[in-house]
$ cat upload22.pdb   # PDB, C-alpha atoms, pLDDT in the B column
MODEL        1
ATOM      1  CA  MET A   1     234.605 182.733 315.971  1.00 94.00           C
ATOM      2  CA  ARG A   2     237.028 179.819 316.033  1.00 94.00           C
ATOM      3  CA  ILE A   3     236.009 176.235 316.664  1.00 95.00           C
ATOM      4  CA  GLY A   4     237.169 176.295 320.309  1.00 95.00           C
ATOM      5  CA  GLU A   5     234.950 179.255 321.122  1.00 96.00           C
ATOM      6  CA  LEU A   6     231.982 177.688 319.324  1.00 97.00           C
ATOM      7  CA  SER A   7     232.581 174.519 321.298  1.00 97.00           C
ATOM      8  CA  ARG A   8     232.645 176.426 324.608  1.00 97.00           C
ATOM      9  CA  ARG A   9     229.515 178.417 323.765  1.00 96.00           C
ATOM     10  CA  THR A  10     227.499 175.381 322.664  1.00 96.00           C
ATOM     11  CA  GLY A  11     228.923 172.590 324.824  1.00 96.00           C
ATOM     12  CA  VAL A  12     229.576 170.553 321.671  1.00 97.00           C
ATOM     13  CA  SER A  13     233.032 169.082 321.162  1.00 97.00           C
ATOM     14  CA  PRO A  14     235.219 170.372 318.326  1.00 96.00           C
ATOM     15  CA  ARG A  15     235.246 166.865 316.876  1.00 97.00           C
ATOM     16  CA  LEU A  16     231.449 166.832 316.695  1.00 96.00           C
ATOM     17  CA  LEU A  17     231.412 170.331 315.197  1.00 97.00           C
ATOM     18  CA  ARG A  18     233.758 169.099 312.449  1.00 96.00           C
ATOM     19  CA  TYR A  19     231.405 166.143 311.923  1.00 97.00           C
ATOM     20  CA  TYR A  20     228.447 168.511 311.543  1.00 96.00           C
ATOM     21  CA  GLU A  21     230.459 170.465 309.008  1.00 95.00           C
ATOM     22  CA  GLY A  22     231.301 167.267 307.115  1.00 95.00           C
ATOM     23  CA  GLN A  23     227.605 166.377 307.031  1.00 95.00           C
ATOM     24  CA  GLY A  24     226.744 169.766 305.534  1.00 93.00           C
ATOM     25  CA  LEU A  25     224.969 170.988 308.669  1.00 94.00           C
ATOM     26  CA  LEU A  26     227.445 173.692 309.600  1.00 93.00           C
ATOM     27  CA  VAL A  27     229.560 175.980 307.433  1.00 91.00           C
ATOM     28  CA  SER A  28     232.901 177.565 308.195  1.00 93.00           C
ATOM     29  CA  GLU A  29     235.394 179.674 306.349  1.00 93.00           C
ATOM     30  CA  ARG A  30     239.155 179.318 306.601  1.00 91.00           C
ATOM     31  CA  ASP A  31     241.580 181.946 307.867  1.00 88.00           C
ATOM     32  CA  SER A  32     244.888 182.556 306.148  1.00 89.00           C
ATOM     33  CA  ASN A  33     246.410 180.185 308.728  1.00 91.00           C
ATOM     34  CA  ASP A  34     243.736 177.573 307.762  1.00 89.00           C
ATOM     35  CA  TYR A  35     241.816 177.814 311.064  1.00 90.00           C
ATOM     36  CA  ARG A  36     238.066 177.407 310.844  1.00 92.00           C
ATOM     37  CA  ARG A  37     235.989 180.533 311.396  1.00 95.00           C
ATOM     38  CA  TYR A  38     232.263 180.344 312.067  1.00 95.00           C
ATOM     39  CA  GLY A  39     229.744 183.129 311.592  1.00 93.00           C
ATOM     40  CA  ALA A  40     227.706 184.804 314.313  1.00 89.00           C
ATOM     41  CA  ASP A  41     224.746 182.512 313.594  1.00 90.00           C
ATOM     42  CA  ALA A  42     226.733 179.324 314.279  1.00 94.00           C
ATOM     43  CA  VAL A  43     225.741 179.097 317.979  1.00 94.00           C
ATOM     44  CA  GLU A  44     222.043 179.216 317.136  1.00 89.00           C
ATOM     45  CA  ARG A  45     222.528 176.762 314.269  1.00 91.00           C
ATOM     46  CA  VAL A  46     224.344 174.236 316.477  1.00 94.00           C
ATOM     47  CA  THR A  47     221.586 174.621 319.077  1.00 91.00           C
ATOM     48  CA  ARG A  48     218.953 173.806 316.415  1.00 88.00           C
ATOM     49  CA  ILE A  49     220.995 170.830 315.195  1.00 92.00           C
ATOM     50  CA  ARG A  50     221.172 169.458 318.749  1.00 93.00           C
ATOM     51  CA  GLU A  51     217.420 169.943 319.274  1.00 88.00           C
ATOM     52  CA  LEU A  52     216.610 168.113 316.052  1.00 88.00           C
ATOM     53  CA  LEU A  53     219.047 165.294 316.830  1.00 92.00           C
ATOM     54  CA  THR A  54     217.445 164.933 320.259  1.00 90.00           C
ATOM     55  CA  GLY A  55     214.121 164.545 318.452  1.00 84.00           C
ATOM     56  CA  GLY A  56     215.595 161.571 316.608  1.00 86.00           C
ATOM     57  CA  LEU A  57     216.046 163.146 313.203  1.00 88.00           C
ATOM     58  CA  THR A  58     218.930 161.971 311.047  1.00 89.00           C
ATOM     59  CA  THR A  59     221.634 164.356 309.920  1.00 92.00           C
ATOM     60  CA  GLU A  60     220.271 163.971 306.378  1.00 89.00           C
ATOM     61  CA  ALA A  61     216.796 165.088 307.472  1.00 87.00           C
ATOM     62  CA  ILE A  62     218.294 167.919 309.507  1.00 89.00           C
ATOM     63  CA  ARG A  63     220.282 169.116 306.499  1.00 88.00           C
ATOM     64  CA  ASP A  64     216.986 169.335 304.598  1.00 82.00           C
ATOM     65  CA  LEU A  65     215.235 171.149 307.464  1.00 82.00           C
ATOM     66  CA  LEU A  66     217.894 173.724 308.332  1.00 80.00           C
ATOM     67  CA  PRO A  67     216.765 176.185 305.645  1.00 77.00           C
ATOM     68  CA  CYS A  68     213.414 176.268 307.515  1.00 75.00           C
ATOM     69  CA  VAL A  69     215.039 177.100 310.871  1.00 67.00           C
ATOM     70  CA  GLN A  70     213.931 180.433 312.238  1.00 59.00           C
ATOM     71  CA  GLY A  71     215.300 182.508 315.072  1.00 57.00           C
ATOM     72  CA  GLY A  72     214.513 180.915 318.399  1.00 55.00           C
ATOM     73  CA  PRO A  73     213.219 177.391 318.802  1.00 58.00           C
ATOM     74  CA  GLY A  74     211.177 175.913 316.023  1.00 60.00           C
ATOM     75  CA  LEU A  75     210.934 175.680 312.282  1.00 64.00           C
ATOM     76  CA  LEU A  76     209.172 177.678 309.652  1.00 68.00           C
ATOM     77  CA  ALA A  77     206.185 175.644 308.560  1.00 71.00           C
ATOM     78  CA  CYS A  78     206.677 174.569 304.988  1.00 73.00           C
ATOM     79  CA  GLU A  79     205.252 171.465 303.362  1.00 76.00           C
ATOM     80  CA  HIS A  80     208.595 169.686 303.437  1.00 76.00           C
ATOM     81  CA  SER A  81     209.402 170.451 307.061  1.00 78.00           C
ATOM     82  CA  VAL A  82     205.951 169.314 308.212  1.00 81.00           C
ATOM     83  CA  GLN A  83     206.319 166.069 306.253  1.00 84.00           C
ATOM     84  CA  VAL A  84     209.773 165.314 307.680  1.00 82.00           C
ATOM     85  CA  VAL A  85     208.680 165.956 311.261  1.00 83.00           C
ATOM     86  CA  ASP A  86     205.446 163.987 310.811  1.00 87.00           C
ATOM     87  CA  GLU A  87     207.412 161.014 309.430  1.00 87.00           C
ATOM     88  CA  GLN A  88     209.743 161.118 312.433  1.00 85.00           C
ATOM     89  CA  MET A  89     206.783 161.307 314.810  1.00 88.00           C
ATOM     90  CA  SER A  90     205.293 158.212 313.153  1.00 92.00           C
ATOM     91  CA  ARG A  91     208.593 156.330 313.561  1.00 88.00           C
ATOM     92  CA  VAL A  92     208.767 157.290 317.236  1.00 89.00           C
ATOM     93  CA  GLU A  93     205.191 156.161 317.829  1.00 94.00           C
ATOM     94  CA  GLU A  94     205.933 152.813 316.113  1.00 96.00           C
ATOM     95  CA  GLN A  95     209.010 152.357 318.302  1.00 94.00           C
ATOM     96  CA  MET A  96     206.979 153.142 321.424  1.00 95.00           C
ATOM     97  CA  ALA A  97     204.340 150.572 320.456  1.00 97.00           C
ATOM     98  CA  GLU A  98     207.060 147.973 319.856  1.00 97.00           C
ATOM     99  CA  LEU A  99     208.627 148.729 323.236  1.00 96.00           C
ATOM    100  CA  ALA A 100     205.226 148.368 324.921  1.00 97.00           C
ATOM    101  CA  ARG A 101     204.822 144.934 323.299  1.00 97.00           C
ATOM    102  CA  LYS A 102     208.279 143.908 324.510  1.00 97.00           C
ATOM    103  CA  ARG A 103     207.513 145.152 328.016  1.00 96.00           C
ATOM    104  CA  GLU A 104     204.350 143.046 328.149  1.00 96.00           C
ATOM    105  CA  ALA A 105     206.217 140.003 326.863  1.00 95.00           C
ATOM    106  CA  LEU A 106     208.845 140.436 329.570  1.00 95.00           C
ATOM    107  CA  ARG A 107     206.165 140.825 332.231  1.00 94.00           C
ATOM    108  CA  GLY A 108     204.748 137.493 331.057  1.00 92.00           C
ATOM    109  CA  VAL A 109     208.154 135.853 331.345  1.00 93.00           C
ATOM    110  CA  THR A 110     208.785 137.205 334.840  1.00 92.00           C
ATOM    111  CA  SER A 111     205.279 136.162 335.958  1.00 90.00           C
ATOM    112  CA  ALA A 112     205.940 132.629 334.748  1.00 88.00           C
ATOM    113  CA  MET A 113     209.266 132.571 336.603  1.00 88.00           C
ATOM    114  CA  ARG A 114     207.739 133.513 339.962  1.00 87.00           C
ATOM    115  CA  PRO A 115     206.363 130.739 342.144  1.00 80.00           C
ATOM    116  CA  ALA A 116     202.603 130.702 342.501  1.00 70.00           C
TER
ENDMDL
END

$ encode --input "upload22.pdb" --output "structure tokens"
Amino acid sequence: MRIGELSRRTGVSPRLLRYYEGQGLLVSERDSNDYRRYGADAVERVTRIRELLTGGLTTEAIRDLLPCVQGGPGLLACEHSVQVVDEQMSRVEEQMAELARKREALRGVTSAMRPA
């Protein structure tokens, strides 16, 4: 399928699809007229890329995980994929703790600003 069709089927802009290709996340072949052609698995692959990006993974981590992608949602459990996802989970939990600290600090500031 051409890039326009892949874009329509996935809801991802052609520009972003080209970015994914540049990052090594998506592969295309070229027609004789130099148009990109994507394989039948490209829709599922783009869907997995979007899911992993939503989870906060970097394109570098996703590139490493894509060989573990299985049909349907999810990843094949291999030592590397578990490690990458666990590391991301730890980063998210650290960010949540930091946000909770900031929220409490702001509550303190607003309490001090209100008249007694």

$ resolve_selection --input "upload22.pdb" --expression "the PyMOL selection byres ((chain A and resi 46-53) around 9)" --output "PyMOL selection string"
chain A and resi 6+10+12+17+20+25-26+41-45+54-59+62-63+66+69+72-74

$ resolve_selection --input "upload22.pdb" --expression "the PyMOL selection byres ((chain A and resi 39) around 9)" --output "PyMOL selection string"
chain A and resi 1+27-29+37-38+40-43

$ write_last_selection --input "upload22.pdb" --atoms "C-alpha atoms" --output "short mmCIF file (atom, residue, chain, number, x, y, z; two decimals), keeping the file's coordinate frame"
data_model
loop_
_atom_site.label_atom_id
_atom_site.label_comp_id
_atom_site.auth_asym_id
_atom_site.auth_seq_id
_atom_site.Cartn_x
_atom_site.Cartn_y
_atom_site.Cartn_z
CA MET A 1 234.60 182.73 315.97
CA VAL A 27 229.56 175.98 307.43
CA SER A 28 232.90 177.56 308.20
CA GLU A 29 235.39 179.67 306.35
CA ARG A 37 235.99 180.53 311.40
CA TYR A 38 232.26 180.34 312.07
CA ALA A 40 227.71 184.80 314.31
CA ASP A 41 224.75 182.51 313.59
CA ALA A 42 226.73 179.32 314.28
CA VAL A 43 225.74 179.10 317.98
#

$ atom_distance --input "upload22.pdb" --atom1 "CA of Gln23 (chain A)" --atom2 "CA of Leu65 (chain A)"
13.3 Å

$ atom_distance --input "upload22.pdb" --atom1 "CA of Glu98 (chain A)" --atom2 "CA of Asp86 (chain A)"
18.5 Å

$ axis_aligned_box --input "upload22.pdb" --around "region 42-49 of chain A" --padding-each-side "4 Å" --output "lines of an AutoDock Vina configuration file"
center_x = 222.8
center_y = 175.1
center_z = 316.7
size_x = 15.8
size_y = 16.5
size_z = 12.8

$ atom_distance --input "upload22.pdb" --atom1 "CA of Glu79 (chain A)" --atom2 "CA of Met96 (chain A)"
25.8 Å
